[in-house]
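Here the structure comes first, spelled out in structure tokens, and everything after it is commentary.
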Amino acid sequence: MSLSKNASADGKTLTIQIKGKFDFNLVQSFRQAYAEVNDETEKVVVDLRDTDYMDSSALGMLLNMKKTLGDSVGSIQISNCRPQLKKILQISRFDKKFEID
Amino acid sequence: MLILVVDDQPLNCRLLTAMLEQQHYDVLVANNGQEALTLLHQHEVDIVLLDVMMPVMNGFETAPKIKEYAGDVYLPIIFITALEDHASFEKCLRVGGDDFIHKPFDRIILSAKIRAHARTRKLSKEANEQKKLLEYHYNQTEREHEIVEHIFRNALSGQEKFDSLCDFHLSPASMFNGDMFLMAKSPIGGFYCLLGDFTGHGLAAAVGALPASRIFYTMVQKGMAVGDIATELNSSLYTLLPGHMFCAAAIIELSSSGKNISAWLGGLPDVYLVNEQGRVLKTVESQHMALGILDDDEFERTILHFEVDKGTRLVMATDGIIESEGPDGEMFGEGRFIDTLQSTPAITTQEVIDKVRNYAQHAEQQDDLSIAIINCLPAELEHSGETHYSSLPFEVNVSLDAEQMKVTDPVLEVVNVLSNVEGVDAHRSNIFLLLSEAYNNSLDHGVLGISSELKNQEDGFLEYYTQRADALSKLTEATIEIAASYSPEKRSVTFDIKDSGRGFSQPELPSDSTLSNEHGRGVQLLSEIADSVSYNRIGNEVKLVYSLD
């Protein structure tokens with residue numbers, strides 16, 4: 001379980017990548033990760049390519065991010081979800097608030 | 001220096017032998033052509049003095065045979081003759097003679113002629129040695145070419161074809177020039193490709209291609225991000241390649257939806273995003289130095305993201321295309337390349353290559369033209385094979401006391417144990433979710449008695465977890481029992497989670513307000529993912545059934 005973040009070469013995209021387990025243990029580090037969003041950031045990507053597990057606390061953290069960032073970024077994308085995680089997001093209607101790729 | 005004297009007159013032979021030995025030459029004597037040829041095969045003769053009129057085989061017959069035997073190395077034949085007419089001279093030369101010495105012999109002239117021809121013979125032998133060496137190296141190089149081609153072919157073998165997604169051209173010659181193109185799909189359907197151009201040619205480049213392709217395939221198989229792949233490739237090539245060698249590369253990932261591209265670009269010419277008509281929508285310059293130059297600390301892993309529409313195409317090429325020279329030595333260039341792309345809708349790489357070749361037709365063909373075009377399309381669903389399920393019933397029972405709740409997070413451990421049952425692994429994300437929700441409900445609400453109402457308050461989310469950690473650290477006596485069982489008949493996994501708390505009223509399923517409500521989401525997920533969810537009367541035990549079918 002770990003979290004890493006990267007700004008794209010042009011500074012417009014902030015990618016937060018979560019490895020392994022996405023649950024409440026990441027509450028602090030996840031908040032810190034999106035605290036780096038600045039005026040240049042147009043898009044935040046939560047990359048779940050390496051995420052095996054998530055539960056409802058992860059959903060809560062994502063919604064908190066959405067609330068905090070509000071309209072300061074153009075879009076928040078949850079990308080590279082495995083099918084089971086994608087289903088969890090769909091069940092929770094996250095496709096209404098996030099771009100799920 | 002060994003000289004063969006061929007004459008049927010004993011007097012001539014003795015005279016010549018005496019004169020030559022006096023000048024420290026080794027001498028062999030033959031009495032006719034036949035004997036001469038026998039001696040030639042037995043000794044390494046440097047010069048032949050050959051009489052014309054002899055029994056058995058005369059000089060005119062012998063000379064061509066000597067020349068034939070000598071092959072590529074110059075073996076001078078000096079005719080010993082008393083004849084003075086031009087016709088005879090001419091015949092001597094025609095049959096292979098190189099010079100004449102007239103009877104009676106003049107010591108000075110003989111000596112001068114021998115020295116002159118010996119010099120030529122020596123040069124010829126040296127040249128022949130060099131020729132042999134050249135042939136050896138040439139063959140060696142040919143072999144290396146074959147090895148390189150073999151290595152490249154095998155390094156790239158097993159590569160799946162993705163015809164609808166990607167069209168590429170890579171000639172065998174460009175492989176030898178160090179160009180490579182790799183592509184693969186990740187488990188979640190993302191399409192990855194790498195176009196690389198090694199400096200240096202042949203074997204040297206092939207040496208780098210081997211580990212590069214292995215790293216690429218392995219990391220794509222794990223679904224790693226483009227920046228991670230670039231970092232790993234760089235680190236490996238930096239260690240492996242000599243200082244003057246590196247690999248300019250473009251590493252691209254197209255998401256499974258076909259709508260997003262991530263790219264790491266280092267050292268290759270501009271990459272173009274074009275629409276279906278071939279008009280350039282975006283020109284993307286290389287951001288980084290090529291792979292294998294910077295050490296791990298200096299290396300930049302930052303990538304670029306683009307959102308693309310369906311039908312957008314991404315074009316990348318090595319410098320062979322824009323550097324192809326036309327009739328007046330002018331390069332094909334980026335302008336002509338862009339024009340070519342929009343000359344035909346949905347142009348193929350072969351059509352591009354044909355146009356470049358047509359432009360550069362007069363020029364010596366360099367043929368290291370490598371180009372790839374990626375079509376941004378969603379991934380096609382893959383049908384996974386038949387799943388096998390274990391026929392044995394498995395049970396896992398864990399009972400945690402307060403101390404264990406503080407130091408361990410049992411959910412993942414139980415999931416890992418269950419995942420080892422054949423057929424269950426594919427469901428581990430769902431099983432984690434069920435167990436995580438159920439266990440955390442028991443711990444948070446049952447054992448610790450924290451209210452989830454807290455999450456609805458301003459910044460309550462963090463407060464909730466702060467309180468939870470606080471309550472957990474003070475916990476002295478409590479138990480949570482987890483029983484998980486796999487039933488091969490029902491192909492289902494059943495969880496029973498019971499806590500020592502006082503129980504809570506059975507939670508009501510919230511209505512469709514889950515996005516605004518900060519709690520209750522877990523309960524809804526449980527009921528959607530599990531086949532059945534049931535609580536006991538006092539609410540300290542929950543039973544979940546999850547079907548694997």
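Naming scheme: A, B, ... for chains in displayed order of the structure tokens; residues 1 onward per chain; ligands 1 onward as shown.
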- Message: When you look at A:Ile18 with a cut-off of 7 Å (counting only C-alpha atoms), what residues show up, excluding the ones that are within fewer than 3 positions of it in the same chain? I need them as a PyMOL selection string.
- Response: chain A and resi 2-4+22+47-48+50-51
Within 7 Å of chain A: each chain B residue with its shortest pair, only C-alpha atoms, as a tab-separated table:
residue	atom	partner	partner_atom	distance
B:Ile188	CA	A:Arg82	CA	6.0
B:Gly223	CA	A:Arg49	CA	6.3
B:Ser257	CA	A:Asp101	CA	6.1
B:Thr302	CA	A:Ala9	CA	5.0
B:Ile303	CA	A:Ser8	CA	5.2
B:Leu304	CA	A:Ser8	CA	5.5
B:Ser429	CA	A:Tyr53	CA	5.0
B:Asn430	CA	A:Gln84	CA	6.5
B:Phe432	CA	A:Tyr53	CA	6.4
B:Leu433	CA	A:Asp55	CA	5.1
B:Ser436	CA	A:Asp55	CA	6.6
B:Glu437	CA	A:Asp55	CA	6.8
B:Glu518	CA	A:Gly60	CA	6.7
B:Arg521	CA	A:Ser56	CA	6.3
B:Gly522	CA	A:Ser56	CA	5.0
B:Leu525	CA	A:Ile91	CA	7.0
- Item | Nearest residue to B:Thr141 from the set B:Val398, B:Leu548, B:Leu203, B:Ile482 (distances using only C-alpha atoms) |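 Using only C-alpha atoms, the shortest distance to B:Thr141 belongs to B:Leu203.
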Could you list, as a tab-separated table (two decimals) with N, CA, C and O atoms, in the first residue's frame, every residue within 7 Å of B:Phe60, counting only C-alpha atoms and ignoring same-chain residues fewer than 4 positions away?
chain	number	residue	atom	x	y	z
B	52	VAL	N	62.43	-23.61	-72.45
B	52	VAL	CA	61.32	-23.82	-73.40
B	52	VAL	C	61.35	-25.24	-73.94
B	52	VAL	O	60.36	-25.97	-73.88
B	92	CYS	N	55.81	-16.88	-75.27
B	92	CYS	CA	56.20	-17.02	-73.87
B	92	CYS	C	55.29	-16.21	-72.96
B	92	CYS	O	54.82	-16.66	-71.92
B	95	VAL	N	51.58	-17.58	-72.71
B	95	VAL	CA	51.33	-18.76	-71.88
B	95	VAL	C	51.57	-18.50	-70.41
B	95	VAL	O	51.40	-19.39	-69.58
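Non-sequential neighbours of A:Glu99 (distance at most 9 Å, separation of 4 or more positions within a chain, only C-alpha atoms) are Ser75, Ile76, Gln77, Ile78, Ser79, Phe94 and Asp95 of chain A.
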Just write the chosen residues, N, CA and C atoms, as a short mmCIF file (atom, residue, chain, number, x, y, z; two decimals), in the first residue's frame.
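Produced file selection_5.cif, reproduced below:
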data_model
loop_
_atom_site.label_atom_id
_atom_site.label_comp_id
_atom_site.auth_asym_id
_atom_site.auth_seq_id
_atom_site.Cartn_x
_atom_site.Cartn_y
_atom_site.Cartn_z
N SER A 75 -11.21 18.96 -14.24
CA SER A 75 -11.85 17.67 -14.07
C SER A 75 -11.03 16.78 -13.16
N ILE A 76 -11.72 15.84 -12.54
CA ILE A 76 -11.05 14.81 -11.76
C ILE A 76 -11.36 13.50 -12.44
N GLN A 77 -10.29 12.81 -12.80
CA GLN A 77 -10.48 11.57 -13.54
C GLN A 77 -10.01 10.39 -12.68
N ILE A 78 -10.82 9.35 -12.65
CA ILE A 78 -10.39 8.12 -11.98
C ILE A 78 -10.07 7.14 -13.10
N SER A 79 -8.78 6.82 -13.25
CA SER A 79 -8.42 6.09 -14.45
C SER A 79 -7.86 4.70 -14.17
N PHE A 94 -20.56 7.04 -8.90
CA PHE A 94 -19.46 7.99 -8.99
C PHE A 94 -19.27 8.55 -10.39
N ASP A 95 -19.83 7.84 -11.37
CA ASP A 95 -19.70 8.36 -12.74
C ASP A 95 -20.42 9.69 -12.92
#
- Task: Fewer than 5 positions away in the same chain doesn't count, so skip those; otherwise give me all residues within 9 Å of B:Ile293, counting only C-alpha atoms, as a PyMOL selection string.
- Result: chain B and resi 234+237-238+243-247+299
- Query: Taking the backbone alone, and naming residues the way the document does, which bits of chain A are alpha helix (DSSP H) by DSSP, as a ChimeraX atom specification?
  - Reply: /A:27-34,56-69,83-91
Any chance you could export the current selection's N, CA and C atoms as a PDB file, in the first residue's frame?
ATOM      1  N   VAL A  27      -5.846   8.196   4.487  1.00  0.00           N
ATOM      2  CA  VAL A  27      -6.552   9.468   4.671  1.00  0.00           C
ATOM      3  C   VAL A  27      -5.616  10.676   4.619  1.00  0.00           C
ATOM      4  N   GLN A  28      -4.563  10.634   5.422  1.00  0.00           N
ATOM      5  CA  GLN A  28      -3.665  11.789   5.495  1.00  0.00           C
ATOM      6  C   GLN A  28      -2.883  12.007   4.202  1.00  0.00           C
ATOM      7  N   SER A  29      -2.263  10.947   3.725  1.00  0.00           N
ATOM      8  CA  SER A  29      -1.396  11.138   2.552  1.00  0.00           C
ATOM      9  C   SER A  29      -2.208  11.507   1.312  1.00  0.00           C
ATOM     10  N   PHE A  30      -3.438  11.035   1.243  1.00  0.00           N
ATOM     11  CA  PHE A  30      -4.266  11.391   0.093  1.00  0.00           C
ATOM     12  C   PHE A  30      -4.616  12.885   0.128  1.00  0.00           C
ATOM     13  N   ARG A  31      -4.955  13.367   1.311  1.00  0.00           N
ATOM     14  CA  ARG A  31      -5.237  14.811   1.441  1.00  0.00           C
ATOM     15  C   ARG A  31      -4.019  15.648   1.070  1.00  0.00           C
ATOM     16  N   GLN A  32      -2.881  15.189   1.534  1.00  0.00           N
ATOM     17  CA  GLN A  32      -1.657  15.936   1.222  1.00  0.00           C
ATOM     18  C   GLN A  32      -1.369  15.944  -0.275  1.00  0.00           C
ATOM     19  N   ALA A  33      -1.699  14.837  -0.905  1.00  0.00           N
ATOM     20  CA  ALA A  33      -1.398  14.726  -2.341  1.00  0.00           C
ATOM     21  C   ALA A  33      -2.151  15.771  -3.147  1.00  0.00           C
ATOM     22  N   TYR A  34      -3.443  15.948  -2.867  1.00  0.00           N
ATOM     23  CA  TYR A  34      -4.157  16.924  -3.692  1.00  0.00           C
ATOM     24  C   TYR A  34      -4.042  18.347  -3.154  1.00  0.00           C
ATOM     25  N   SER A  56     -15.433   1.518   1.085  1.00  0.00           N
ATOM     26  CA  SER A  56     -16.234   2.745   1.096  1.00  0.00           C
ATOM     27  C   SER A  56     -15.456   3.929   1.660  1.00  0.00           C
ATOM     28  N   SER A  57     -14.424   3.653   2.473  1.00  0.00           N
ATOM     29  CA  SER A  57     -13.657   4.794   2.981  1.00  0.00           C
ATOM     30  C   SER A  57     -12.902   5.478   1.839  1.00  0.00           C
ATOM     31  N   ALA A  58     -12.496   4.701   0.845  1.00  0.00           N
ATOM     32  CA  ALA A  58     -11.832   5.289  -0.322  1.00  0.00           C
ATOM     33  C   ALA A  58     -12.813   6.179  -1.075  1.00  0.00           C
ATOM     34  N   LEU A  59     -14.048   5.721  -1.174  1.00  0.00           N
ATOM     35  CA  LEU A  59     -15.061   6.526  -1.852  1.00  0.00           C
ATOM     36  C   LEU A  59     -15.250   7.855  -1.110  1.00  0.00           C
ATOM     37  N   GLY A  60     -15.262   7.751   0.216  1.00  0.00           N
ATOM     38  CA  GLY A  60     -15.393   8.967   1.013  1.00  0.00           C
ATOM     39  C   GLY A  60     -14.246   9.929   0.775  1.00  0.00           C
ATOM     40  N   MET A  61     -13.051   9.374   0.657  1.00  0.00           N
ATOM     41  CA  MET A  61     -11.877  10.224   0.428  1.00  0.00           C
ATOM     42  C   MET A  61     -11.949  10.901  -0.934  1.00  0.00           C
ATOM     43  N   LEU A  62     -12.437  10.174  -1.915  1.00  0.00           N
ATOM     44  CA  LEU A  62     -12.567  10.758  -3.253  1.00  0.00           C
ATOM     45  C   LEU A  62     -13.579  11.900  -3.244  1.00  0.00           C
ATOM     46  N   LEU A  63     -14.691  11.682  -2.544  1.00  0.00           N
ATOM     47  CA  LEU A  63     -15.709  12.737  -2.488  1.00  0.00           C
ATOM     48  C   LEU A  63     -15.193  13.957  -1.736  1.00  0.00           C
ATOM     49  N   ASN A  64     -14.437  13.700  -0.688  1.00  0.00           N
ATOM     50  CA  ASN A  64     -13.837  14.807   0.055  1.00  0.00           C
ATOM     51  C   ASN A  64     -12.928  15.636  -0.841  1.00  0.00           C
ATOM     52  N   MET A  65     -12.181  14.937  -1.690  1.00  0.00           N
ATOM     53  CA  MET A  65     -11.294  15.648  -2.617  1.00  0.00           C
ATOM     54  C   MET A  65     -12.122  16.515  -3.554  1.00  0.00           C
ATOM     55  N   LYS A  66     -13.180  15.933  -4.074  1.00  0.00           N
ATOM     56  CA  LYS A  66     -14.049  16.666  -4.999  1.00  0.00           C
ATOM     57  C   LYS A  66     -14.586  17.930  -4.328  1.00  0.00           C
ATOM     58  N   LYS A  67     -15.011  17.778  -3.065  1.00  0.00           N
ATOM     59  CA  LYS A  67     -15.548  18.918  -2.315  1.00  0.00           C
ATOM     60  C   LYS A  67     -14.474  19.988  -2.122  1.00  0.00           C
ATOM     61  N   THR A  68     -13.286  19.540  -1.709  1.00  0.00           N
ATOM     62  CA  THR A  68     -12.214  20.478  -1.416  1.00  0.00           C
ATOM     63  C   THR A  68     -11.775  21.237  -2.661  1.00  0.00           C
ATOM     64  N   LEU A  69     -11.587  20.483  -3.754  1.00  0.00           N
ATOM     65  CA  LEU A  69     -11.074  21.126  -4.968  1.00  0.00           C
ATOM     66  C   LEU A  69     -12.147  21.941  -5.672  1.00  0.00           C
ATOM     67  N   PRO A  83     -11.903  -4.073 -13.473  1.00  0.00           N
ATOM     68  CA  PRO A  83     -13.355  -4.203 -13.630  1.00  0.00           C
ATOM     69  C   PRO A  83     -14.128  -4.185 -12.308  1.00  0.00           C
ATOM     70  N   GLN A  84     -13.618  -4.908 -11.281  1.00  0.00           N
ATOM     71  CA  GLN A  84     -14.377  -4.967 -10.030  1.00  0.00           C
ATOM     72  C   GLN A  84     -14.420  -3.617  -9.329  1.00  0.00           C
ATOM     73  N   LEU A  85     -13.309  -2.856  -9.444  1.00  0.00           N
ATOM     74  CA  LEU A  85     -13.298  -1.536  -8.828  1.00  0.00           C
ATOM     75  C   LEU A  85     -14.197  -0.582  -9.606  1.00  0.00           C
ATOM     76  N   LYS A  86     -14.223  -0.761 -10.903  1.00  0.00           N
ATOM     77  CA  LYS A  86     -15.067   0.086 -11.730  1.00  0.00           C
ATOM     78  C   LYS A  86     -16.531  -0.118 -11.345  1.00  0.00           C
ATOM     79  N   LYS A  87     -16.843  -1.380 -11.060  1.00  0.00           N
ATOM     80  CA  LYS A  87     -18.214  -1.683 -10.688  1.00  0.00           C
ATOM     81  C   LYS A  87     -18.571  -1.026  -9.347  1.00  0.00           C
ATOM     82  N   ILE A  88     -17.623  -1.061  -8.429  1.00  0.00           N
ATOM     83  CA  ILE A  88     -17.860  -0.413  -7.136  1.00  0.00           C
ATOM     84  C   ILE A  88     -18.161   1.079  -7.345  1.00  0.00           C
ATOM     85  N   LEU A  89     -17.394   1.715  -8.243  1.00  0.00           N
ATOM     86  CA  LEU A  89     -17.608   3.139  -8.515  1.00  0.00           C
ATOM     87  C   LEU A  89     -18.967   3.370  -9.176  1.00  0.00           C
ATOM     88  N   GLN A  90     -19.346   2.435 -10.048  1.00  0.00           N
ATOM     89  CA  GLN A  90     -20.628   2.596 -10.742  1.00  0.00           C
ATOM     90  C   GLN A  90     -21.803   2.406  -9.785  1.00  0.00           C
ATOM     91  N   ILE A  91     -21.682   1.382  -8.915  1.00  0.00           N
ATOM     92  CA  ILE A  91     -22.745   1.140  -7.935  1.00  0.00           C
ATOM     93  C   ILE A  91     -22.960   2.386  -7.092  1.00  0.00           C
TER      94      ILE A  91
END
- To one decimal place, how far is atom CA of B:Thr348 from atom CA of B:Ala372 in Å?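 That distance, rounded to one decimal, is 9.2 Å.
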